[in-house]
Amino acid sequence: VAACHLQGSIASTTTYRNVYGAELQPCSQPDSNMALTGYTRNGSCIDKNDDSGSHHICIDISSREEDFCTVTGQSDWCSSNLPCDAGNGMEGDDDEGCPIENWCVCQWAFASYISAAGGCDEIQEIQCDSVNLQALGAYSRLAGTSKDPNGEYAAALECIEYSCGVDSSSILELYPLPNHPIERAKYALYAGRVPLLFGTVFIGISAVLYRRMNKQEGRSDENVKEISNYTKVDD
């Protein structure tokens with residue numbers, strides 16, 4: 001659980017996409033006897049700025065005997081009954097609630113979950129249409145860096161690519177995210193061009209001013225000569 005609070009969350013966007021770049025689909029299904037999921041409890045794996053856990057991964061909690069809670073050593077909330085998904089982000093009025101099935105889990109805990117479960121083939125089913133693209137961006141940003149000493153984020157990235165049949169590099173190039181290397185590279189290129197542009201403009205303006213000053217000085221010299229000649233004629 002602590003892993004959910006150690007990493008910073010990538011900033012949310014106003015347009016939510018899944019790992020295919022398409023519109024993010026609800027994780028819990030309305031009127032299907034499922035508990036309403038999501039950090040914001042609207043049925044989708046989206047977040048707010050205070051969601052340090054980044055609950056972006058939708059998995060089917062009911063798809064295996066050893067569930068997410070058991071494998072990650074959390075309390076057994078996976079077998080709880082919670083308010084039902086009544087559609088449009090609304091809770092049902094059933095007093096007994098509904099079982100947790102499709103659920104948005106913390107993307108950092110999910111990376112640890114894959115390792116603890118024994119690999120991607122041993123985890124509960126990923127609901128790809130409902131996995132937030134932000135997770136793909138976060139794993140891609142951290143995989144292979146000093147912040148991924150155990151390779152868990154690289155493994156999580158590979159697991160989503162394998163399970164969902166996507167290429168993260170291609171998707172993130174088409175739908176770049178804030179703080180992603182692609183965006184930083186574009187910014188660096190732009191930031192490098194701006195000073196060059198202003199430098200070129202400054203040099204150009206300086207050259208024009210210099211030429212004008214020289215012309216004015218030349219005219220002044222001619223005026224001095226004319227006055228001198230006129231004075232000599234009068235003498």
# chains A, B, ... in the order shown; residues from 1 in each chain; ligands from 1

call {"tool": "residues_around", "arguments": {"residues": "range 123-136 of chain A", "least_positions_apart": "2", "cutoff": "8 Å", "atoms": "only C-alpha atoms", "output": "PyMOL selection string"}}
result
chain A and resi 10+12+16-21+24-27+44-46+54+56-64+67-68+102+107+113-114+117+119-121+138-140+157+160+163-164+168+177

call {"tool": "atom_distance", "arguments": {"atom1": "CA of Ser146 in chain A", "atom2": "CA of Cys69 in chain A"}}
result
27.8 Å

call {"tool": "closest_residue", "arguments": {"among": "A:Asp94, A:Asp85, A:Glu122, A:Glu161", "to": "Ala35 in chain A", "atoms": "only C-alpha atoms"}}
result
A:Asp85

call {"tool": "atom_distance", "arguments": {"atom1": "CA of Gly118 in chain A", "atom2": "CA of Gln74 in chain A"}}
result
17.2 Å

call {"tool": "atom_distance", "arguments": {"atom1": "CA of Ala22 in chain A", "atom2": "CA of Ile100 in chain A"}}
result
25.3 Å

call {"tool": "closest_residue", "arguments": {"among": "A:Cys78, A:Ala156, A:Val71, A:Met34", "to": "Leu142 in chain A", "atoms": "only C-alpha atoms"}}
result
A:Ala156

call {"tool": "closest_residue", "arguments": {"among": "A:Pro149, A:Ala143, A:Glu101, A:Glu158", "to": "Pro30 in chain A", "atoms": "only C-alpha atoms"}}
result
A:Glu101
